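**Q** Here you go, data-v4.cif (mmCIF, C-alpha atoms):
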```
data_query
#
loop_
_atom_site.label_atom_id
_atom_site.label_comp_id
_atom_site.auth_asym_id
_atom_site.auth_seq_id
_atom_site.Cartn_x
_atom_site.Cartn_y
_atom_site.Cartn_z
CA MET O 1171 287.83 50.15 21.50
CA THR O 1172 284.76 49.36 19.39
CA ILE O 1173 281.45 51.14 19.15
CA SER O 1174 278.73 49.43 21.19
CA ALA O 1175 275.98 47.77 19.18
CA GLN O 1176 273.49 48.30 22.01
CA GLN O 1177 270.35 50.08 20.85
CA PRO O 1178 269.13 53.05 22.89
CA VAL O 1179 265.74 53.52 24.47
CA ILE O 1180 264.11 56.48 22.73
CA ARG O 1181 261.88 58.76 24.77
CA VAL O 1182 260.17 62.07 24.06
CA LEU O 1183 259.64 64.39 27.01
CA HIS O 1184 257.65 67.63 26.90
CA ASP O 1185 258.75 70.81 28.64
CA GLU O 1186 255.58 72.69 29.63
CA SER O 1187 257.58 75.84 30.42
CA ARG O 1188 258.48 76.35 26.74
CA HIS O 1189 256.47 75.99 23.56
CA ASP O 1190 256.79 73.95 20.40
CA LEU O 1191 258.41 76.09 17.68
CA ARG O 1192 255.82 74.99 15.11
CA ASP O 1193 252.76 74.91 17.35
CA PRO O 1194 252.91 77.43 20.23
CA GLY O 1195 249.93 75.72 21.85
CA ARG O 1196 252.00 72.62 22.53
CA PRO O 1197 254.97 72.14 24.88
CA ARG O 1198 258.53 71.90 23.64
CA PRO O 1199 259.55 68.32 22.77
CA VAL O 1200 262.85 66.95 24.07
CA ARG O 1201 263.81 63.61 22.51
CA LEU O 1202 266.26 61.43 24.41
CA TYR O 1203 268.35 58.45 23.36
CA LEU O 1204 269.19 56.53 26.53
CA TRP O 1205 271.82 53.82 26.83
CA GLU O 1206 272.15 51.81 30.04
CA PRO O 1207 275.59 50.23 30.67
CA ASP O 1208 275.90 46.44 30.96
CA GLN O 1209 278.53 46.84 33.67
CA PRO O 1210 278.20 50.24 35.34
CA LEU O 1211 281.23 51.84 36.95
CA ALA O 1212 279.25 52.30 40.16
CA LEU O 1213 275.70 52.46 41.46
CA PRO O 1214 274.02 54.71 40.67
CA ALA O 1215 275.86 54.71 37.35
CA PRO O 1216 277.66 57.91 36.38
CA LEU O 1217 275.71 59.69 33.64
CA VAL O 1218 277.08 61.54 30.60
CA VAL O 1219 274.78 63.76 28.54
CA VAL O 1220 275.73 64.21 24.88
CA SER O 1221 274.69 67.18 22.72
CA HIS O 1222 274.85 66.95 18.92
CA GLY O 1223 276.17 69.51 16.45
CA THR O 1224 274.24 71.96 14.30
CA GLY O 1225 271.49 70.20 12.37
CA GLY O 1226 272.52 66.77 13.65
CA SER O 1227 270.90 64.24 15.94
CA GLY O 1228 271.70 62.29 19.06
CA SER O 1229 271.08 59.18 17.00
CA THR O 1230 274.27 59.79 14.98
CA MET O 1231 276.59 60.42 17.95
CA GLU O 1232 277.46 56.73 18.38
CA TRP O 1233 281.18 57.48 17.98
CA LEU O 1234 280.91 59.26 21.34
CA THR O 1235 278.00 57.49 23.06
CA GLY O 1236 279.33 54.00 22.22
CA PRO O 1237 282.71 54.28 23.97
CA LEU O 1238 281.06 55.99 26.94
CA CYS O 1239 278.50 53.22 27.34
CA GLU O 1240 281.16 50.52 26.99
CA ALA O 1241 283.20 52.26 29.68
CA GLY O 1242 280.33 51.83 32.14
CA PHE O 1243 278.49 55.13 31.86
CA ARG O 1244 274.81 55.69 31.55
CA VAL O 1245 274.50 57.87 28.43
CA VAL O 1246 271.79 60.25 27.26
CA ALA O 1247 271.97 61.93 23.84
CA PHE O 1248 269.53 64.60 22.69
CA ASP O 1249 267.62 65.79 19.66
CA HIS O 1250 267.45 69.54 20.21
CA HIS O 1251 264.11 70.88 18.97
CA GLY O 1252 264.30 72.83 15.71
CA ASN O 1253 267.95 71.89 15.20
CA ASN O 1254 267.82 68.16 14.43
CA PHE O 1255 267.31 66.45 11.07
CA VAL O 1256 264.84 63.94 12.52
CA ASP O 1257 262.06 66.51 12.98
CA GLY O 1258 263.32 69.22 10.66
CA TYR O 1259 264.63 72.72 11.20
CA GLU O 1260 263.34 75.99 12.59
CA PRO O 1261 265.42 79.20 12.70
CA GLU O 1262 265.25 79.42 16.50
CA GLY O 1263 266.82 75.98 16.70
CA PHE O 1264 269.93 77.39 15.06
CA LEU O 1265 270.02 80.88 16.53
CA HIS O 1266 268.44 80.58 20.00
CA VAL O 1267 271.33 78.42 21.17
CA TRP O 1268 270.64 79.03 24.86
CA GLU O 1269 267.60 76.75 24.68
CA ARG O 1270 269.88 73.72 24.28
CA PRO O 1271 271.33 73.62 27.82
CA ARG O 1272 267.80 74.12 29.11
CA ASP O 1273 266.85 70.89 27.29
CA VAL O 1274 269.55 69.06 29.22
CA SER O 1275 268.64 70.40 32.66
CA PHE O 1276 264.96 69.67 32.00
CA ALA O 1277 265.80 66.07 31.08
CA LEU O 1278 268.04 65.65 34.14
CA ASP O 1279 265.17 66.82 36.33
CA ALA O 1280 262.86 64.26 34.70
CA LEU O 1281 265.36 61.42 35.02
CA ALA O 1282 266.10 62.31 38.64
CA ARG O 1283 262.42 61.94 39.50
CA GLU O 1284 262.58 58.34 38.28
CA GLN O 1285 265.76 57.20 40.01
CA PRO O 1286 268.80 58.71 41.73
CA LEU O 1287 271.36 60.18 39.37
CA GLY O 1288 275.00 59.31 39.61
CA PRO O 1289 277.71 61.92 38.95
CA VAL O 1290 276.95 63.81 35.73
CA GLY O 1291 279.24 64.84 32.90
CA ALA O 1292 278.44 66.76 29.71
CA ALA O 1293 279.94 66.22 26.27
CA GLY O 1294 279.17 67.86 22.96
CA PHE O 1295 280.29 68.32 19.38
CA SER O 1296 280.30 71.68 17.57
CA LEU O 1297 277.22 73.60 18.80
CA GLY O 1298 276.89 70.79 21.32
CA GLY O 1299 280.30 71.81 22.66
CA TYR O 1300 278.81 75.18 23.56
CA THR O 1301 275.85 73.36 25.15
CA ALA O 1302 278.16 71.40 27.41
CA ALA O 1303 280.12 74.52 28.39
CA ALA O 1304 276.90 76.46 29.13
CA LEU O 1305 275.98 73.77 31.65
CA ALA O 1306 279.23 74.64 33.42
CA GLY O 1307 278.70 78.40 33.33
CA ALA O 1308 279.45 79.75 29.84
CA ARG O 1309 277.11 82.57 28.84
CA VAL O 1310 276.35 84.10 25.46
CA ASP O 1311 276.67 87.87 25.14
CA PRO O 1312 273.18 89.26 24.21
CA ARG O 1313 274.76 92.39 22.73
CA ILE O 1314 276.69 90.36 20.17
CA LEU O 1315 273.58 88.34 19.37
CA TRP O 1316 271.62 91.51 18.75
CA ALA O 1317 274.37 92.75 16.46
CA VAL O 1318 274.11 89.48 14.52
CA LEU O 1319 270.32 89.76 14.23
CA THR O 1320 270.53 93.33 12.96
CA GLY O 1321 273.30 92.52 10.49
CA GLU O 1322 275.90 94.66 12.23
CA VAL O 1323 277.96 91.50 12.76
CA PRO O 1324 277.87 89.03 9.85
CA LEU O 1325 276.49 85.56 10.55
CA PRO O 1326 278.63 82.75 9.14
CA GLU O 1327 276.92 80.58 6.56
CA ILE O 1328 274.76 77.79 7.97
CA PRO O 1329 274.84 75.03 5.32
CA GLU O 1330 272.02 73.08 6.97
CA PHE O 1331 269.70 76.10 6.95
CA PRO O 1332 270.57 78.79 4.41
CA GLY O 1333 268.57 81.88 5.19
CA ALA O 1334 268.09 81.02 8.87
CA LEU O 1335 268.58 84.64 9.92
CA GLU O 1336 266.01 85.94 7.44
CA ALA O 1337 263.56 83.24 8.53
CA LEU O 1338 264.02 84.27 12.17
CA ARG O 1339 263.40 87.92 11.34
CA GLU O 1340 260.15 86.97 9.62
CA LYS O 1341 258.91 85.19 12.74
CA TYR O 1342 260.18 87.81 15.19
CA PRO O 1343 260.38 91.43 13.94
CA LEU O 1344 263.37 93.38 15.21
CA ASP O 1345 261.78 95.54 17.88
CA GLU O 1346 262.32 96.26 21.54
CA SER O 1347 260.38 93.19 22.66
CA SER O 1348 262.61 90.88 20.62
CA ARG O 1349 265.66 92.63 22.04
CA ARG O 1350 264.41 92.08 25.58
CA ALA O 1351 263.83 88.42 24.73
CA LEU O 1352 267.54 88.07 24.08
CA ASP O 1353 268.20 88.70 27.75
CA ALA O 1354 267.49 84.99 28.21
CA ALA O 1355 270.60 84.31 26.15
CA GLY O 1356 272.78 85.84 28.83
CA ALA O 1357 271.17 83.99 31.73
CA ASP O 1358 273.13 81.63 33.94
CA LEU O 1359 272.30 78.19 32.53
CA SER O 1360 274.81 76.27 34.60
CA ASP O 1361 273.66 73.05 36.22
CA PRO O 1362 275.41 72.17 39.51
CA ARG O 1363 274.96 68.46 38.77
CA VAL O 1364 277.48 68.67 35.91
CA ARG O 1365 280.93 67.84 37.25
CA ALA O 1366 283.03 67.61 34.06
CA VAL O 1367 282.84 68.77 30.42
CA PHE O 1368 284.32 67.34 27.21
CA GLN O 1369 284.10 69.50 24.07
CA VAL O 1370 284.78 68.37 20.51
CA ALA O 1371 285.31 71.08 17.88
CA PRO O 1372 283.21 73.46 19.98
CA GLY O 1373 281.21 76.28 18.40
CA VAL O 1374 279.94 79.71 19.52
CA GLY O 1375 283.30 80.55 21.09
CA GLY O 1376 283.10 84.04 19.65
CA LEU O 1377 279.72 84.69 21.28
CA VAL O 1378 280.46 83.62 24.85
CA THR O 1379 281.78 86.13 27.36
CA PRO O 1380 285.28 85.71 28.79
CA GLU O 1381 283.89 86.74 32.18
CA SER O 1382 281.49 83.79 32.23
CA LEU O 1383 284.16 81.33 31.09
CA ALA O 1384 286.36 82.50 33.95
CA THR O 1385 283.70 81.28 36.41
CA VAL O 1386 283.85 77.64 35.21
CA ARG O 1387 285.22 75.44 37.96
CA VAL O 1388 284.69 71.90 36.69
CA PRO O 1389 287.35 70.07 34.64
CA VAL O 1390 287.10 70.79 30.89
CA ASP O 1391 288.91 68.88 28.14
CA ILE O 1392 288.80 70.01 24.49
CA ARG O 1393 289.61 68.43 21.12
CA TRP O 1394 289.69 70.28 17.81
CA GLY O 1395 290.67 69.67 14.22
CA GLY O 1396 293.69 71.38 12.76
CA ALA O 1397 291.94 71.76 9.39
CA ASP O 1398 288.55 72.80 10.79
CA THR O 1399 287.15 75.75 8.84
CA VAL O 1400 283.62 75.49 10.30
CA SER O 1401 284.63 76.01 13.93
CA PRO O 1402 288.10 77.53 13.44
CA TYR O 1403 290.48 77.15 16.35
CA GLU O 1404 291.23 80.86 16.74
CA VAL O 1405 287.57 81.89 16.66
CA ASP O 1406 285.70 79.09 18.40
CA THR O 1407 288.08 76.87 20.41
CA LEU O 1408 290.66 79.31 21.72
CA PRO O 1409 288.20 81.39 23.81
CA TYR O 1410 287.22 78.29 25.79
CA LEU O 1411 290.80 77.11 26.14
CA LYS O 1412 292.13 80.55 27.05
CA HIS O 1413 289.49 81.79 29.49
CA ILE O 1414 288.30 78.64 31.30
CA PRO O 1415 290.80 78.24 34.13
CA THR O 1416 290.29 74.46 34.32
CA ALA O 1417 290.48 73.84 30.56
CA SER O 1418 293.07 71.75 28.76
CA GLY O 1419 293.09 70.03 25.40
CA CYS O 1420 294.91 69.14 22.22
CA SER O 1421 294.40 68.97 18.48
CA ALA O 1422 292.82 65.78 17.17
CA GLY O 1423 295.18 66.03 14.21
CA PRO O 1424 296.54 68.68 11.83
CA ASP O 1425 294.47 67.40 8.90
CA VAL O 1426 291.24 66.74 10.83
CA ARG O 1427 288.27 68.68 9.48
CA HIS O 1428 284.96 69.50 11.12
CA ASP O 1429 283.07 67.05 8.95
CA ASP O 1430 285.39 64.18 9.89
CA PHE O 1431 283.18 63.87 12.96
CA PHE O 1432 279.96 63.26 11.03
CA ARG O 1433 280.59 62.38 7.38
CA LEU O 1434 279.96 58.78 6.30
CA GLN O 1435 283.39 58.75 4.68
CA PRO O 1436 285.68 61.02 6.73
CA ALA O 1437 289.19 61.85 5.61
CA ASP O 1438 290.49 60.46 8.91
CA THR O 1439 288.53 57.29 9.60
CA ALA O 1440 290.03 56.78 13.04
CA VAL O 1441 289.58 60.22 14.58
CA ARG O 1442 286.02 59.74 15.86
CA LEU O 1443 286.75 56.52 17.67
CA ARG O 1444 290.01 57.88 19.04
CA VAL O 1445 288.33 61.01 20.42
CA GLY O 1446 285.42 58.94 21.78
CA GLY O 1447 287.91 56.81 23.71
CA GLU O 1448 289.63 59.92 25.06
CA ALA O 1449 286.27 61.26 26.24
CA ALA O 1450 285.52 57.99 28.05
CA ALA O 1451 288.94 58.08 29.76
CA PHE O 1452 288.39 61.72 30.78
CA PHE O 1453 285.04 60.98 32.42
CA GLN O 1454 286.43 57.87 34.10
CA ARG O 1455 288.96 60.11 35.81
CA HIS O 1456 286.46 62.76 36.91
CA LEU O 1457 283.15 60.98 37.51
CA ARG O 1458 284.25 57.94 39.49
#
```
Hey, can you dump this file as structure tokens for me?

**A**
Amino acid sequence: MTISAQQPVIRVLHDESRHDLRDPGRPRPVRLYLWEPDQPLALPAPLVVVSHGTGGSGSTMEWLTGPLCEAGFRVVAFDHHGNNFVDGYEPEGFLHVWERPRDVSFALDALAREQPLGPVGAAGFSLGGYTAAALAGARVDPRILWAVLTGEVPLPEIPEFPGALEALREKYPLDESSRRALDAAGADLSDPRVRAVFQVAPGVGGLVTPESLATVRVPVDIRWGGADTVSPYEVDTLPYLKHIPTASGCSAGPDVRHDDFFRLQPADTAVRLRVGGEAAAFFQRHLR
């Protein structure tokens, strides 16, 4: 399978219910990269939403969007506000992870107003893997988040944004109002339109509650790298695999690292395309 050379349509939507992280007087931007299939599997075409990893961009997820589009899916990838390299970074973009699934549901609402949606699947890499799972029912534990913000639980290093936690504390002092704001993190962000989930090296596994994962009912397939030290299997992948009753998966290879999915020169040059093909086959089984 080869990566499609088709160029996406780029659109920027604005969510009036949330504000721009740099200018609170403006609505939150949600950038979409939309690929329409040349030969859809059905009409309306099944749709797969794709969420990028920490500090990435939907524009660099072609290893996943390309095989999906070639397989006949309509594909939408995102630039999550404050967490993409196109617009730059804000601490909330890295630490308020629950805003990501809200981006997806907002975009699905907007697209559904334009034309009927086919069956919907969600795929994501790294932090995007959490995003996809949240759309199926995964919830972050606000108590653990508060412990991270206060320093009781150490925050792993964020190479794309060193000092993200300190920057967040400067914008939002640690008081009772900020603690109450974290209640949104534990909200049910599931979207009933999402019928299947594919996670690649998923993140935030240590922050999601086992109780919420046990409520997931849609098929979930997971891939991880055996040499991944950014989203280690035991910490980040195993909770999804262990507690989601519908989850299955396998290692993408014992020597596969986290950055093999985004570096220009990965150690395993074939892993991205191989996993992209497996994602396309998974959604063909579950979204037809």

**Q** Using the chain letters and residue numbers of this document, give as a short mmCIF file (atom, residue, chain, number, x, y, z; two decimals) with C-alpha atoms, in the coordinates of the input the residues selected by the PyMOL selection byres ((chain O and resi 1301) around 8).

**A**
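What ended up in selection_11.cif:
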```
data_model
loop_
_atom_site.label_atom_id
_atom_site.label_comp_id
_atom_site.auth_asym_id
_atom_site.auth_seq_id
_atom_site.Cartn_x
_atom_site.Cartn_y
_atom_site.Cartn_z
CA SER O 1221 274.69 67.18 22.72
CA VAL O 1267 271.33 78.42 21.17
CA TRP O 1268 270.64 79.03 24.86
CA ARG O 1270 269.88 73.72 24.28
CA PRO O 1271 271.33 73.62 27.82
CA GLY O 1294 279.17 67.86 22.96
CA LEU O 1297 277.22 73.60 18.80
CA GLY O 1298 276.89 70.79 21.32
CA GLY O 1299 280.30 71.81 22.66
CA TYR O 1300 278.81 75.18 23.56
CA ALA O 1302 278.16 71.40 27.41
CA ALA O 1303 280.12 74.52 28.39
CA ALA O 1304 276.90 76.46 29.13
CA LEU O 1305 275.98 73.77 31.65
#
```

**Q** Applied to this file, what does the PyMOL selection byres ((chain O and resi 1355-1372) around 6) return in terms of residues, put as a PyMOL selection string?

**A** chain O and resi 1268+1290-1296+1299-1300+1304-1307+1309-1312+1352-1354+1373+1388-1394+1407

**Q** What does the distance from atom CA of O:Met1231 to atom CA of O:Asp1429 come to in Å, to one decimal?

**A** 12.9 Å

**Q** Between O:Val1374, O:Cys1420, O:Val1256, O:Ala1351, which has the minimum distance to O:Pro1402 (counting all atoms listed in the file)?

**A**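 Of all the options, O:Val1374 lies closest to O:Pro1402.
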
**Q** Env of O:Phe1431: 8 Å cut, atoms = only C-alpha atoms, seq-sep filter 4 positions within chain, self excluded. Answer as a PyMOL selection string.

**A** chain O and resi 1427+1436+1441-1442

**Q** I'd like to know which of O:Phe1264, O:Tyr1342, O:Tyr1410, O:Trp1316 is closest to O:Pro1329, using all atoms listed in the file.

**A**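 Nearest to O:Pro1329: O:Phe1264.
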